[in-house]
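K.L.:
Input structure: coords.cif, which contains mmCIF, C-alpha atoms.
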```cif
data_protein
loop_
_atom_site.group_PDB
_atom_site.id
_atom_site.type_symbol
_atom_site.label_atom_id
_atom_site.label_comp_id
_atom_site.auth_asym_id
_atom_site.auth_seq_id
_atom_site.Cartn_x
_atom_site.Cartn_y
_atom_site.Cartn_z
ATOM 1 C CA MET L 1 0.000 0.000 0.000
ATOM 2 C CA GLU L 2 2.730 2.448 1.087
ATOM 3 C CA GLU L 3 4.980 1.371 -1.756
ATOM 4 C CA ASN L 4 2.126 1.878 -4.185
ATOM 5 C CA PHE L 5 1.593 5.401 -2.872
ATOM 6 C CA THR L 6 5.291 6.206 -3.290
ATOM 7 C CA ILE L 7 5.302 4.919 -6.865
ATOM 8 C CA LYS L 8 2.309 7.111 -7.710
ATOM 9 C CA TRP L 9 3.894 10.085 -5.983
ATOM 10 C CA ILE L 10 7.172 9.648 -7.913
ATOM 11 C CA SER L 11 5.242 9.371 -11.168
ATOM 12 C CA GLN L 12 3.317 12.582 -10.429
ATOM 13 C CA LEU L 13 6.491 14.375 -9.383
ATOM 14 C CA LYS L 14 8.273 13.335 -12.578
ATOM 15 C CA LYS L 15 5.310 14.483 -14.633
ATOM 16 C CA GLY L 16 5.155 17.795 -12.813
ATOM 17 C CA THR L 17 8.847 18.539 -13.090
ATOM 18 C CA LEU L 18 9.329 17.505 -16.722
ATOM 19 C CA SER L 19 8.765 21.051 -18.019
ATOM 20 C CA PHE L 20 11.337 22.324 -15.508
ATOM 21 C CA LEU L 21 13.815 19.653 -16.617
ATOM 22 C CA VAL L 22 13.315 20.394 -20.312
ATOM 23 C CA LEU L 23 13.676 24.140 -19.821
ATOM 24 C CA SER L 24 16.739 23.623 -17.616
ATOM 25 C CA VAL L 25 18.421 21.569 -20.357
ATOM 26 C CA LEU L 26 17.495 24.132 -23.007
ATOM 27 C CA ARG L 27 18.753 26.992 -20.831
ATOM 28 C CA ASP L 28 22.296 26.589 -22.200
ATOM 29 C CA GLY L 29 20.988 28.184 -25.418
ATOM 30 C CA LYS L 30 21.824 25.202 -27.612
ATOM 31 C CA GLU L 31 19.343 23.921 -30.178
ATOM 32 C CA TYR L 32 17.936 20.461 -29.463
ATOM 33 C CA TYR L 33 15.711 18.179 -31.494
ATOM 34 C CA GLY L 34 13.239 15.899 -29.679
ATOM 35 C CA TYR L 35 15.306 12.742 -29.391
ATOM 36 C CA ASP L 36 18.433 14.758 -28.570
ATOM 37 C CA LEU L 37 16.579 16.517 -25.754
ATOM 38 C CA ILE L 38 15.405 13.221 -24.270
ATOM 39 C CA ASN L 39 18.980 11.915 -24.307
ATOM 40 C CA ALA L 40 20.276 15.104 -22.687
ATOM 41 C CA ILE L 41 17.703 14.760 -19.884
ATOM 42 C CA LYS L 42 18.600 11.083 -19.417
ATOM 43 C CA ASN L 43 22.336 11.825 -19.327
ATOM 44 C CA LYS L 44 22.121 14.813 -17.012
ATOM 45 C CA THR L 45 19.527 13.521 -14.587
ATOM 46 C CA SER L 46 19.429 9.730 -14.945
ATOM 47 C CA ILE L 47 15.636 10.129 -14.998
ATOM 48 C CA ASP L 48 13.985 7.779 -17.438
ATOM 49 C CA ILE L 49 11.117 9.661 -19.079
ATOM 50 C CA ALA L 50 8.372 8.228 -21.274
ATOM 51 C CA GLU L 51 9.638 9.533 -24.608
ATOM 52 C CA GLY L 52 6.216 10.166 -26.131
ATOM 53 C CA THR L 53 5.276 12.592 -23.343
ATOM 54 C CA LEU L 54 7.889 15.069 -24.546
ATOM 55 C CA TYR L 55 5.959 16.157 -27.658
ATOM 56 C CA PRO L 56 2.720 17.331 -26.004
ATOM 57 C CA LEU L 57 4.924 19.166 -23.499
ATOM 58 C CA MET L 58 6.989 20.877 -26.226
ATOM 59 C CA ASN L 59 3.755 22.010 -27.886
ATOM 60 C CA ARG L 60 2.608 23.583 -24.592
ATOM 61 C CA LEU L 61 5.962 25.298 -24.019
ATOM 62 C CA LYS L 62 5.803 26.659 -27.539
ATOM 63 C CA LYS L 63 2.288 27.981 -27.001
ATOM 64 C CA GLU L 64 3.456 29.718 -23.834
ATOM 65 C CA ASN L 65 6.287 31.325 -25.881
ATOM 66 C CA LEU L 66 8.918 29.667 -23.689
ATOM 67 C CA VAL L 67 10.514 27.881 -26.664
ATOM 68 C CA ILE L 68 10.552 28.315 -30.424
ATOM 69 C CA SER L 69 11.046 25.640 -33.051
ATOM 70 C CA LYS L 70 12.232 25.307 -36.602
ATOM 71 C CA TRP L 71 12.461 22.458 -39.098
ATOM 72 C CA VAL L 72 15.895 21.724 -40.526
ATOM 73 C CA GLU L 73 16.326 19.515 -43.585
ATOM 74 C CA GLN L 74 18.801 16.642 -43.214
ATOM 75 C CA GLU L 75 20.825 14.715 -45.777
ATOM 76 C CA SER L 76 18.839 11.619 -44.864
ATOM 77 C CA GLY L 77 15.679 13.325 -46.157
ATOM 78 C CA ILE L 78 14.141 13.044 -42.678
ATOM 79 C CA PRO L 79 14.090 16.556 -41.183
ATOM 80 C CA ARG L 80 14.664 17.431 -37.539
ATOM 81 C CA LYS L 81 12.609 19.868 -35.528
ATOM 82 C CA TYR L 82 14.966 21.947 -33.402
ATOM 83 C CA TYR L 83 13.845 23.692 -30.222
ATOM 84 C CA THR L 84 15.465 26.771 -28.689
ATOM 85 C CA ILE L 85 14.635 28.538 -25.447
ATOM 86 C CA THR L 86 13.323 32.126 -25.630
ATOM 87 C CA ALA L 87 14.206 35.044 -23.336
ATOM 88 C CA LEU L 88 10.869 34.487 -21.569
ATOM 89 C CA GLY L 89 11.772 30.802 -21.242
ATOM 90 C CA LYS L 90 15.080 31.690 -19.555
ATOM 91 C CA THR L 91 13.365 34.046 -17.098
ATOM 92 C CA THR L 92 10.705 31.436 -16.341
ATOM 93 C CA THR L 93 13.359 28.744 -15.764
ATOM 94 C CA ALA L 94 15.197 31.045 -13.365
ATOM 95 C CA GLU L 95 11.941 31.628 -11.441
ATOM 96 C CA MET L 96 11.235 27.888 -11.371
ATOM 97 C CA LYS L 97 14.756 27.156 -10.134
ATOM 98 C CA ASN L 98 14.418 29.771 -7.429
ATOM 99 C CA TYR L 99 11.147 28.190 -6.256
ATOM 100 C CA TRP L 100 12.653 24.705 -6.425
ATOM 101 C CA ASP L 101 15.669 25.765 -4.324
ATOM 102 C CA ASN L 102 13.402 27.367 -1.723
ATOM 103 C CA LEU L 103 11.266 24.244 -1.595
ATOM 104 C CA ASN L 104 14.356 22.108 -1.231
ATOM 105 C CA THR L 105 15.622 24.239 1.653
ATOM 106 C CA THR L 106 12.209 24.063 3.334
ATOM 107 C CA ILE L 107 12.036 20.282 2.985
ATOM 108 C CA HIS L 108 15.541 19.892 4.435
ATOM 109 C CA SER L 109 14.714 22.134 7.366
ATOM 110 C CA ILE L 110 11.679 20.044 8.367
ATOM 111 C CA MET O 1 8.474 19.591 -45.402
ATOM 112 C CA ILE O 2 7.705 16.276 -47.044
ATOM 113 C CA PHE O 3 7.211 13.039 -45.164
ATOM 114 C CA LYS O 4 9.781 10.428 -46.174
ATOM 115 C CA GLU O 5 9.537 6.861 -45.034
ATOM 116 C CA ILE O 6 12.531 5.385 -43.201
ATOM 117 C CA ASP O 7 14.374 2.715 -45.186
ATOM 118 C CA PHE O 8 14.650 -0.719 -43.629
ATOM 119 C CA LYS O 9 16.660 -3.745 -44.709
ATOM 120 C CA GLU O 10 14.245 -6.276 -43.294
ATOM 121 C CA ASN O 11 10.706 -6.669 -44.505
ATOM 122 C CA ASN O 12 9.361 -7.268 -40.987
ATOM 123 C CA SER O 13 10.843 -3.975 -39.744
ATOM 124 C CA LYS O 14 9.151 -2.188 -42.606
ATOM 125 C CA ARG O 15 5.803 -3.785 -41.764
ATOM 126 C CA ILE O 16 6.073 -2.850 -38.065
ATOM 127 C CA TYR O 17 7.123 0.699 -38.948
ATOM 128 C CA GLN O 18 4.344 1.173 -41.493
ATOM 129 C CA ASP O 19 1.779 -0.088 -39.002
ATOM 130 C CA TYR O 20 3.036 2.413 -36.410
ATOM 131 C CA VAL O 21 2.925 5.284 -38.929
ATOM 132 C CA LEU O 22 -0.633 4.296 -39.804
ATOM 133 C CA ARG O 23 -1.584 4.423 -36.120
ATOM 134 C CA VAL O 24 -0.038 7.902 -35.801
ATOM 135 C CA LYS O 25 -2.038 9.022 -38.848
ATOM 136 C CA LYS O 26 -5.211 7.525 -37.386
ATOM 137 C CA ALA O 27 -4.650 9.144 -33.985
ATOM 138 C CA THR O 28 -4.251 12.580 -35.579
ATOM 139 C CA LYS O 29 -6.785 12.441 -38.408
ATOM 140 C CA ILE O 30 -9.205 14.742 -36.535
ATOM 141 C CA LEU O 31 -6.674 17.573 -36.975
ATOM 142 C CA SER O 32 -6.005 19.851 -39.952
ATOM 143 C CA LYS O 33 -3.714 18.460 -42.675
ATOM 144 C CA GLN O 34 -0.938 20.807 -41.575
ATOM 145 C CA ASN O 35 -1.050 19.674 -37.946
ATOM 146 C CA GLN O 36 -1.271 16.008 -38.982
ATOM 147 C CA GLN O 37 1.834 16.445 -41.126
ATOM 148 C CA GLU O 38 3.695 18.305 -38.366
ATOM 149 C CA ILE O 39 3.111 15.513 -35.838
ATOM 150 C CA LEU O 40 3.886 12.733 -38.300
ATOM 151 C CA LEU O 41 7.179 14.391 -39.315
ATOM 152 C CA GLU O 42 8.260 14.810 -35.700
ATOM 153 C CA ILE O 43 7.411 11.236 -34.691
ATOM 154 C CA ASN O 44 9.110 9.924 -37.840
ATOM 155 C CA SER O 45 12.195 11.978 -37.006
ATOM 156 C CA HIS O 46 12.173 10.579 -33.454
ATOM 157 C CA ILE O 47 12.036 6.980 -34.721
ATOM 158 C CA TYR O 48 14.815 7.622 -37.242
ATOM 159 C CA GLU O 49 17.134 9.292 -34.689
ATOM 160 C CA SER O 50 16.377 6.659 -32.098
ATOM 161 C CA LEU O 51 17.303 3.869 -34.524
ATOM 162 C CA ASN O 52 20.504 5.639 -35.527
ATOM 163 C CA HIS O 53 21.557 6.093 -31.920
ATOM 164 C CA THR O 54 21.098 2.476 -30.963
ATOM 165 C CA LEU O 55 23.509 0.741 -33.298
ATOM 166 C CA GLU O 56 23.925 -2.282 -31.127
ATOM 167 C CA ASN O 57 25.504 -5.227 -32.888
ATOM 168 C CA SER O 58 23.846 -7.626 -30.519
ATOM 169 C CA LYS O 59 20.395 -6.591 -31.648
ATOM 170 C CA GLY O 60 18.770 -7.001 -35.015
ATOM 171 C CA GLU O 61 16.888 -4.322 -36.906
ATOM 172 C CA VAL O 62 13.447 -5.576 -35.842
ATOM 173 C CA GLU O 63 14.437 -5.660 -32.177
ATOM 174 C CA ARG O 64 15.936 -2.169 -32.306
ATOM 175 C CA LEU O 65 12.820 -0.811 -33.963
ATOM 176 C CA LEU O 66 10.559 -2.492 -31.412
ATOM 177 C CA ASP O 67 12.675 -1.021 -28.579
ATOM 178 C CA SER O 68 12.399 2.471 -30.069
ATOM 179 C CA LEU O 69 8.646 2.233 -30.550
ATOM 180 C CA GLU O 70 8.155 0.825 -27.066
ATOM 181 C CA LYS O 71 10.062 3.735 -25.503
ATOM 182 C CA LEU O 72 8.035 6.192 -27.551
ATOM 183 C CA GLY O 73 4.761 4.623 -26.457
ATOM 184 C CA LEU O 74 1.380 3.889 -27.985
ATOM 185 C CA PRO O 75 0.461 6.725 -30.371
ATOM 186 C CA GLU O 76 -3.224 6.511 -29.373
ATOM 187 C CA ILE O 77 -2.210 7.334 -25.793
ATOM 188 C CA PHE O 78 0.776 9.674 -25.859
ATOM 189 C CA LEU O 79 -0.630 11.756 -28.729
ATOM 190 C CA LYS O 80 -4.002 12.228 -27.000
ATOM 191 C CA PRO O 81 -3.126 15.439 -25.063
ATOM 192 C CA LEU O 82 -1.292 16.857 -28.075
ATOM 193 C CA VAL O 83 -4.233 16.192 -30.411
ATOM 194 C CA ALA O 84 -6.725 17.614 -27.876
ATOM 195 C CA GLU O 85 -4.710 20.805 -27.466
ATOM 196 C CA LYS O 86 -4.104 21.303 -31.184
ATOM 197 C CA LYS O 87 -7.776 20.640 -31.913
ATOM 198 C CA MET O 88 -8.770 23.302 -29.390
ATOM 199 C CA ASP O 89 -6.405 25.768 -31.081
ATOM 200 C CA GLU O 90 -7.898 24.973 -34.469
ATOM 201 C CA ALA O 91 -11.454 25.295 -33.109
ATOM 202 C CA THR O 92 -10.948 28.635 -31.380
ATOM 203 C CA ARG O 93 -9.367 30.074 -34.517
ATOM 204 C CA THR O 94 -12.477 29.276 -36.545
ATOM 205 C CA PHE O 95 -16.144 29.785 -35.687
ATOM 206 C CA ASN O 96 -17.071 26.289 -36.830
ATOM 207 C CA PRO O 97 -19.456 24.888 -34.166
ATOM 208 C CA VAL O 98 -18.813 21.250 -35.147
ATOM 209 C CA MET O 99 -15.054 21.745 -34.678
ATOM 210 C CA VAL O 100 -15.553 23.445 -31.309
ATOM 211 C CA ALA O 101 -17.883 20.625 -30.182
ATOM 212 C CA LYS O 102 -15.277 18.003 -31.185
ATOM 213 C CA ALA O 103 -12.518 19.945 -29.410
ATOM 214 C CA VAL O 104 -14.615 20.260 -26.244
ATOM 215 C CA ALA O 105 -15.341 16.505 -26.327
ATOM 216 C CA LEU O 106 -11.595 15.728 -26.700
ATOM 217 C CA ASN O 107 -10.730 18.016 -23.787
ATOM 218 C CA ILE O 108 -13.363 16.836 -21.293
ATOM 219 C CA GLY O 109 -10.696 14.884 -19.415
ATOM 220 C CA ASN O 110 -8.494 18.007 -19.220
ATOM 221 C CA GLY O 111 -10.499 19.876 -16.592
ATOM 222 C CA ILE O 112 -13.876 20.523 -15.071
ATOM 223 C CA SER O 113 -14.357 23.705 -17.166
ATOM 224 C CA TYR O 114 -14.681 21.573 -20.311
ATOM 225 C CA VAL O 115 -17.552 19.673 -18.690
ATOM 226 C CA PHE O 116 -19.407 23.001 -18.455
ATOM 227 C CA PHE O 117 -18.548 23.761 -22.068
ATOM 228 C CA ALA O 118 -19.950 20.351 -23.007
ATOM 229 C CA ILE O 119 -23.196 21.131 -21.128
ATOM 230 C CA PHE O 120 -23.452 24.508 -22.908
ATOM 231 C CA TYR O 121 -22.945 22.754 -26.227
ATOM 232 C CA LEU O 122 -25.585 20.187 -25.369
ATOM 233 C CA LEU O 123 -28.019 23.038 -24.682
ATOM 234 C CA LEU O 124 -27.047 24.719 -27.955
ATOM 235 C CA PHE O 125 -27.757 21.586 -29.965
ATOM 236 C CA GLY O 126 -30.925 21.135 -27.877
ATOM 237 C CA PHE O 127 -32.241 24.502 -29.100
ATOM 238 C CA ILE O 128 -31.534 23.491 -32.713
ATOM 239 C CA PHE O 129 -33.316 20.182 -32.109
ATOM 240 C CA LEU O 130 -36.335 22.068 -30.712
ATOM 241 C CA ILE O 131 -36.542 24.240 -33.843
ATOM 242 C CA VAL O 132 -36.705 21.121 -36.034
ATOM 243 C CA SER O 133 -39.199 19.497 -33.652
ATOM 244 C CA LYS O 134 -41.430 22.590 -33.671
ATOM 245 C CA ILE O 135 -41.605 22.452 -37.474
ATOM 246 C CA ALA O 136 -42.400 18.728 -37.380
ATOM 247 C CA ASP O 137 -44.914 18.887 -34.511
ATOM 248 C CA PRO O 138 -46.005 22.519 -33.988
ATOM 249 C CA GLU O 139 -48.799 21.752 -31.521
ATOM 250 C CA ASN O 140 -46.903 19.669 -28.966
ATOM 251 C CA VAL O 141 -43.565 21.489 -29.020
ATOM 252 C CA GLY O 142 -43.141 24.878 -27.363
ATOM 253 C CA PHE O 143 -42.758 26.693 -24.080
ATOM 254 C CA PHE O 144 -45.569 25.480 -21.801
ATOM 255 C CA TYR O 145 -45.960 27.487 -18.629
ATOM 256 C CA ARG O 146 -48.541 28.050 -15.909
ATOM 257 C CA SER O 147 -47.430 29.349 -12.521
ATOM 258 C CA GLY O 148 -47.072 26.496 -10.024
ATOM 259 C CA LYS O 149 -48.452 23.979 -12.504
ATOM 260 C CA ILE O 150 -46.284 23.486 -15.528
ATOM 261 C CA PHE O 151 -42.886 24.588 -16.852
ATOM 262 C CA ILE O 152 -41.747 22.758 -19.980
ATOM 263 C CA LEU O 153 -39.482 23.914 -22.787
ATOM 264 C CA GLY O 154 -39.798 21.183 -25.333
ATOM 265 C CA TYR O 155 -42.311 18.421 -25.991
ATOM 266 C CA TYR O 156 -45.580 18.191 -24.065
ATOM 267 C CA ARG O 157 -48.550 16.025 -24.933
ATOM 268 C CA ASP O 158 -51.712 15.525 -22.914
ATOM 269 C CA LYS O 159 -55.028 14.659 -24.552
ATOM 270 C CA GLU O 160 -57.035 16.362 -21.828
ATOM 271 C CA VAL O 161 -55.114 19.609 -22.091
ATOM 272 C CA ASN O 162 -55.617 22.366 -24.608
ATOM 273 C CA HIS O 163 -52.104 23.387 -25.455
ATOM 274 C CA ASN O 164 -53.117 26.927 -26.261
ATOM 275 C CA ASP O 165 -53.882 27.413 -22.567
ATOM 276 C CA TYR O 166 -50.266 26.794 -21.632
ATOM 277 C CA GLU O 167 -48.071 27.583 -24.643
ATOM 278 C CA GLN O 168 -46.552 31.035 -24.216
ATOM 279 C CA LEU O 169 -44.548 31.760 -27.323
ATOM 280 C CA GLY O 170 -46.595 30.654 -30.331
ATOM 281 C CA ASN O 171 -44.939 31.867 -33.529
ATOM 282 C CA TRP O 172 -42.131 33.434 -31.530
ATOM 283 C CA PHE O 173 -40.837 30.013 -30.430
ATOM 284 C CA ILE O 174 -38.546 29.412 -33.434
ATOM 285 C CA PRO O 175 -37.083 32.971 -33.512
ATOM 286 C CA LEU O 176 -36.412 32.764 -29.759
ATOM 287 C CA MET O 177 -34.673 29.388 -30.114
ATOM 288 C CA LEU O 178 -32.576 30.841 -32.948
ATOM 289 C CA VAL O 179 -31.565 33.781 -30.750
ATOM 290 C CA LEU O 180 -30.721 31.414 -27.861
ATOM 291 C CA THR O 181 -28.641 29.220 -30.201
ATOM 292 C CA LEU O 182 -26.716 32.262 -31.398
ATOM 293 C CA LEU O 183 -26.249 33.616 -27.878
ATOM 294 C CA PHE O 184 -24.973 30.278 -26.555
ATOM 295 C CA TYR O 185 -22.668 29.904 -29.520
ATOM 296 C CA ILE O 186 -21.145 33.371 -28.960
ATOM 297 C CA LEU O 187 -20.930 32.707 -25.199
ATOM 298 C CA ILE O 188 -19.092 29.379 -25.674
ATOM 299 C CA THR O 189 -16.671 30.797 -28.239
ATOM 300 C CA VAL O 190 -15.897 33.891 -26.157
ATOM 301 C CA LEU O 191 -15.435 31.813 -22.978
ATOM 302 C CA LEU O 192 -13.121 29.395 -24.812
ATOM 303 C CA ARG O 193 -11.025 32.308 -26.050
ATOM 304 C CA VAL O 194 -10.939 33.875 -22.587
ATOM 305 C CA LYS O 195 -9.888 30.526 -21.123
ATOM 306 C CA LYS O 196 -7.165 30.200 -23.739
ATOM 307 C CA SER O 197 -5.826 33.708 -23.099
ATOM 308 C CA LEU O 198 -5.893 33.154 -19.320
ATOM 309 C CA LYS O 199 -3.742 30.059 -19.788
#
```
Show me, as structure tokens, the structure contained in the file I just sent.
P.N.:
Amino acid sequence: MEENFTIKWISQLKKGTLSFLVLSVLRDGKEYYGYDLINAIKNKTSIDIAEGTLYPLMNRLKKENLVISKWVEQESGIPRKYYTITALGKTTTAEMKNYWDNLNTTIHSI
Amino acid sequence: MIFKEIDFKENNSKRIYQDYVLRVKKATKILSKQNQQEILLEINSHIYESLNHTLENSKGEVERLLDSLEKLGLPEIFLKPLVAEKKMDEATRTFNPVMVAKAVALNIGNGISYVFFAIFYLLLFGFIFLIVSKIADPENVGFFYRSGKIFILGYYRDKEVNHNDYEQLGNWFIPLMLVLTLLFYILITVLLRVKKSLK
């Protein structure tokens, strides 16, 4: 029962922090395509994310003007869609990080 | 951008891949051609990159493809929120009531507000239904009202009752239903846009 609750909680936490993770990876200003971004998250955080969930999230971030995207043709004939963080995205990530740090401090102080 | 199929050496890989592409197309067919293409290109790119990054000698082409598709997930499930959101964008850009109704239906699971939108839409289509019903059965369809006794907007039939004693609108029933339909339609569209801008 308790273990089940923890699993659900971890799943919700991962879901809730995915946008923060994506924006944090993009914050370096580099352009990333979908698969590249997933790999970067996996390498930097060792968090295994459900790959398909990235695309609805990227659409939402784009709608909120936190990222922009562009298609780039490839020699293979299969184009890549590259995402870049916007200035608003960088500010938002900084705010999120600030909140996260405060939350972390609070949790540790309990 | 043009969609290009990924080349496979093995026939079985090709069959699995084509089946997956077909499922992506099916999951997005409610969207505009442009949005369908956009999603298909991105998923295709993901599969291609994933295959190219997992060049493991121990695994065959079919196994690598199956691994990639498994990690990506079932298109009917992971594309659901994306399709619902894109459909809502398409619907709020146009004034097409059928599109808005479809978008509201797709988004019902995305919040309680969409349940209210669905109820508003049900009322809207109810008014249209009443207009058609009034034409088909003018005597028994209308607004029947008598203080403390009866309050019916719709169909009412009772052999012992003279409908003229209760029906309040007469020839004004259809124009009023038309006005209500229009008002509800404007209300839903404006509320959807307000909701979108608040987001």
K.L.:
Neighbours of Ala40 in chain L within 12 Å (all atoms listed in the file; same-chain residues fewer than 4 positions away dropped), as an NGL selection string?
P.N.:
:L and (21-26 or 28 or 30-36 or 44-49)
K.L.:
Quick one: distance from CA of Val132 in chain O to CA of Ala103 in chain O in Å, one decimal?
P.N.:
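These atoms are spaced 25.1 Å apart.
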K.L.:
Sort by chain and increasing residue number a table of all residues of chain O within 12 Å of chain L, each with its closest pair of atoms and their distance in Å to one decimal, counting all atoms listed in the file, and write it as a Markdown table.
P.N.:
```
| residue | atom | partner | partner_atom | distance |
| --- | --- | --- | --- | --- |
| O:Met1 | CA | L:Pro79 | CA | 7.7 |
| O:Ile2 | CA | L:Ile78 | CA | 8.4 |
| O:Phe3 | CA | L:Ile78 | CA | 7.4 |
| O:Lys4 | CA | L:Ile78 | CA | 6.2 |
| O:Glu5 | CA | L:Ile78 | CA | 8.1 |
| O:Ile6 | CA | L:Ile78 | CA | 7.8 |
| O:Asp7 | CA | L:Ser76 | CA | 10.0 |
| O:Val24 | CA | L:Gly52 | CA | 11.7 |
| O:Asn35 | CA | L:Asn59 | CA | 11.4 |
| O:Glu38 | CA | L:Lys81 | CA | 9.5 |
| O:Ile39 | CA | L:Tyr55 | CA | 8.7 |
| O:Leu40 | CA | L:Ile78 | CA | 11.2 |
| O:Leu41 | CA | L:Pro79 | CA | 7.5 |
| O:Glu42 | CA | L:Lys81 | CA | 6.7 |
| O:Ile43 | CA | L:Tyr55 | CA | 8.7 |
| O:Asn44 | CA | L:Ile78 | CA | 7.6 |
| O:Ser45 | CA | L:Arg80 | CA | 6.0 |
| O:His46 | CA | L:Tyr35 | CA | 5.6 |
| O:Ile47 | CA | L:Tyr35 | CA | 8.5 |
| O:Tyr48 | CA | L:Ile78 | CA | 7.7 |
| O:Glu49 | CA | L:Tyr35 | CA | 6.6 |
| O:Ser50 | CA | L:Tyr35 | CA | 6.7 |
| O:Leu51 | CA | L:Tyr35 | CA | 10.4 |
| O:Asn52 | CA | L:Tyr35 | CA | 10.7 |
| O:His53 | CA | L:Tyr35 | CA | 9.5 |
| O:Thr54 | CA | L:Asn39 | CA | 11.7 |
| O:Asp67 | CA | L:Glu51 | CA | 11.7 |
| O:Ser68 | CA | L:Glu51 | CA | 9.3 |
| O:Leu69 | CA | L:Gly52 | CA | 9.4 |
| O:Glu70 | CA | L:Glu51 | CA | 9.2 |
| O:Lys71 | CA | L:Glu51 | CA | 5.9 |
| O:Leu72 | CA | L:Gly52 | CA | 4.6 |
| O:Gly73 | CA | L:Gly52 | CA | 5.7 |
| O:Leu74 | CA | L:Gly52 | CA | 8.1 |
| O:Pro75 | CA | L:Gly52 | CA | 7.9 |
| O:Glu76 | CA | L:Gly52 | CA | 10.6 |
| O:Ile77 | CA | L:Gly52 | CA | 8.9 |
| O:Phe78 | CA | L:Gly52 | CA | 5.5 |
| O:Leu79 | CA | L:Pro56 | CA | 7.1 |
| O:Lys80 | CA | L:Pro56 | CA | 8.5 |
| O:Pro81 | CA | L:Pro56 | CA | 6.2 |
| O:Leu82 | CA | L:Pro56 | CA | 4.5 |
| O:Val83 | CA | L:Pro56 | CA | 8.3 |
| O:Ala84 | CA | L:Pro56 | CA | 9.6 |
| O:Glu85 | CA | L:Pro56 | CA | 8.3 |
| O:Lys86 | CA | L:Asn59 | CA | 8.6 |
| O:Asp89 | CA | L:Lys63 | CA | 9.9 |
| O:Lys196 | CA | L:Lys63 | CA | 10.2 |
| O:Ser197 | CA | L:Glu64 | CA | 10.1 |
| O:Leu198 | CA | L:Glu64 | CA | 10.9 |
| O:Lys199 | CA | L:Glu64 | CA | 8.3 |
```
K.L.:
Smallest atom-to-atom distance to Ile16 in chain O: which of O:Arg157, O:Arg64, O:Lys102, O:Lys59, using only C-alpha atoms?
P.N.:
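The closest residue to Ile16 in chain O is O:Arg64.
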K.L.:
Between O:Val104, O:Ile112, O:Phe120, O:Ala27, which one has atoms that come closest to Ile188 in chain O, using all atoms listed in the file?
P.N.:
O:Phe120
K.L.:
Can you pull out the residues contacting Glu139 in chain O? Cut-off 9 Å, using only C-alpha atoms, and skip same-chain residues under 2 positions away; I want them as a PDB file with C-alpha atoms, in the frame of the given file.
P.N.:
```pdb
ATOM      1  CA  LYS O 134     -41.430  22.590 -33.671  1.00  0.00           C
ATOM      2  CA  ASP O 137     -44.914  18.887 -34.511  1.00  0.00           C
ATOM      3  CA  VAL O 141     -43.565  21.489 -29.020  1.00  0.00           C
ATOM      4  CA  GLY O 142     -43.141  24.878 -27.363  1.00  0.00           C
ATOM      5  CA  TYR O 156     -45.580  18.191 -24.065  1.00  0.00           C
ATOM      6  CA  ARG O 157     -48.550  16.025 -24.933  1.00  0.00           C
ATOM      7  CA  HIS O 163     -52.104  23.387 -25.455  1.00  0.00           C
ATOM      8  CA  ASN O 164     -53.117  26.927 -26.261  1.00  0.00           C
TER       9      ASN O 164
END
```
K.L.:
What is the CA of Met99 in chain O-CA of Val179 in chain O distance in Å, reported with one decimal?
P.N.:
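Interatomic distance here is 20.8 Å.
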K.L.:
Of the candidates L:Leu18, L:Ala87, L:Met96, L:Leu61, which shows the shortest atom-to-atom distance to Ile41 in chain L, using all atoms listed in the file?
P.N.:
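Of L:Leu18, L:Ala87, L:Met96, L:Leu61, the one nearest Ile41 in chain L, counting all atoms listed in the file, is L:Leu18.
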K.L.:
Using only C-alpha atoms, determine which residues lie at most 10 Å from Leu180 in chain O, disregarding the query and same-chain residues fewer than 5 positions distant; provide the list as a PDB file with C-alpha atoms, keeping the file's coordinate frame.
P.N.:
```pdb
ATOM      1  CA  LEU O 123     -28.019  23.038 -24.682  1.00  0.00           C
ATOM      2  CA  LEU O 124     -27.047  24.719 -27.955  1.00  0.00           C
ATOM      3  CA  PHE O 127     -32.241  24.502 -29.100  1.00  0.00           C
ATOM      4  CA  ILE O 128     -31.534  23.491 -32.713  1.00  0.00           C
ATOM      5  CA  ILE O 174     -38.546  29.412 -33.434  1.00  0.00           C
ATOM      6  CA  PRO O 175     -37.083  32.971 -33.512  1.00  0.00           C
ATOM      7  CA  TYR O 185     -22.668  29.904 -29.520  1.00  0.00           C
ATOM      8  CA  ILE O 186     -21.145  33.371 -28.960  1.00  0.00           C
TER       9      ILE O 186
END
```
K.L.:
Once 3 Å is added on each side, what centre and edge lengths in Å to one decimal does the axis-aligned box around all listed atoms of range 54-73 of chain O have, as AutoDock Vina command-line options?
P.N.:
```
--center_x 15.1 --center_y -0.7 --center_z -31.2 --size_x 26.7 --size_y 19.8 --size_z 17.4
```
K.L.:
Pull out every residue that the PyMOL selection byres ((chain L and resi 86) around 9) matches in the shown coordinates and put them as a PyMOL selection string.
P.N.:
chain L and resi 27+29+65-68+84-85+87-91
K.L.:
Skipping near chain neighbours, those fewer than 2 positions away, what residues fall within 10 Å of Val100 in chain O using all atoms listed in the file, listed as a ChimeraX atom specification?
P.N.:
/O:87-98,102-106,117-118,121,185,188-189,192
K.L.:
Determine, counting only C-alpha atoms, which protein, DNA and RNA residues have an atom within 12 Å of an atom of Asn140 in chain O; residues of the same chain fewer than 5 positions away are not included. Present the result as a short mmCIF file (atom, residue, chain, number, x, y, z; two decimals) with C-alpha atoms, in the coordinates of the input.
P.N.:
```
data_model
loop_
_atom_site.label_atom_id
_atom_site.label_comp_id
_atom_site.auth_asym_id
_atom_site.auth_seq_id
_atom_site.Cartn_x
_atom_site.Cartn_y
_atom_site.Cartn_z
CA LEU O 130 -36.34 22.07 -30.71
CA SER O 133 -39.20 19.50 -33.65
CA LYS O 134 -41.43 22.59 -33.67
CA ILE O 135 -41.60 22.45 -37.47
CA ILE O 152 -41.75 22.76 -19.98
CA LEU O 153 -39.48 23.91 -22.79
CA GLY O 154 -39.80 21.18 -25.33
CA TYR O 155 -42.31 18.42 -25.99
CA TYR O 156 -45.58 18.19 -24.06
CA ARG O 157 -48.55 16.02 -24.93
CA ASP O 158 -51.71 15.52 -22.91
CA LYS O 159 -55.03 14.66 -24.55
CA VAL O 161 -55.11 19.61 -22.09
CA ASN O 162 -55.62 22.37 -24.61
CA HIS O 163 -52.10 23.39 -25.46
CA ASN O 164 -53.12 26.93 -26.26
CA TYR O 166 -50.27 26.79 -21.63
CA GLU O 167 -48.07 27.58 -24.64
CA GLY O 170 -46.60 30.65 -30.33
#
```
